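Let me begin by presenting the structure, written as structure tokens, before commenting on it.
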Amino acid sequence: MTTNECWLLIDDDEAFLEILQRALKRQGIEATGTHSRAEALRALDTQTFRKCVLDLNLAGESGLQLLPELLTKIPGLDVLVLTGYGSIATAVEAMRRGAVNYLCKPVTVNQLITGFEALPTSPELRHEPPSVEEMEWEHIQRVLNEHEGNVSATARALHMHRRTLQRKLQKHSRWRN
């Protein structure tokens, strides 16, 4: 597959970005890697993109909050949300906010390419129940989305100190990526 388009990759894991960029290049796809919301928005000002791979968790920030900003800057942008922990709630929210698909890590380059072409998929259902940590993370993400990414409001809603919530978001970011 050879193409003249360039993909925008947004993920806070530098090693993952480098590997993904090299793998896409072998498929004839150029990609620009960014590590944060600010870098991604700057890249949109300097390059033209048709496809974007957006990590759900950007160093404790929600990629779901960035999704509408990306689509406002480039209305025709195809955004595929990628996450280390898939859930029905975040998949539905990503699609509601304009993502074309939602995939769970680890993924192959072929799965990413197909993810832009295929109909949206549901996160894989597991046979074992989620762990307490996964259930807590899911609940935190749901409340964070309800409060539009506002950490202070989320902490108040969860009856948790803001710094405690920030530590949980940071810890989970390192654990999942």
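Quick note on naming: the chains in the structure tokens go A, B, ... in the order shown, residues restart at 1 in each chain, and ligands are numbered from 1 in order of appearance.
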
Long-range neighbours of Ala23 (chain A) as a list in words, 12 Å cut-off, only C-alpha atoms, 2 positions minimum in chain: Phe16, Leu17, Glu18, Ile19, Leu20, Gln21, Lys25, Arg26, Gln27, Gly28, Ile29, Glu30, Ala31, Val107, Thr108, Val109, Asn110, Gln111, Leu112 and Ile113 of chain A

Residues within 7 Å of Phe49 (chain A), only C-alpha atoms, excluding chain neighbours under 6 positions, as a PyMOL selection string: chain A and resi 5-8+77

Separation of CA of Leu144 (chain A) from CA of Arg156 (chain A) in Å: 10.8 Å

Nearest residue to Leu44 (chain A) from the set A:Gly98, A:Gly63, A:Pro75, A:Gly149 (distances using only C-alpha atoms):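 The shortest atom-to-atom distance to Leu44 (chain A) comes from A:Pro75.
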
Contacts of Arg97 (chain A) at 10 Å (only C-alpha atoms; same-chain gap of 3+ positions) as an NGL selection string: :A and (64-68 or 71 or 91-94 or 100)
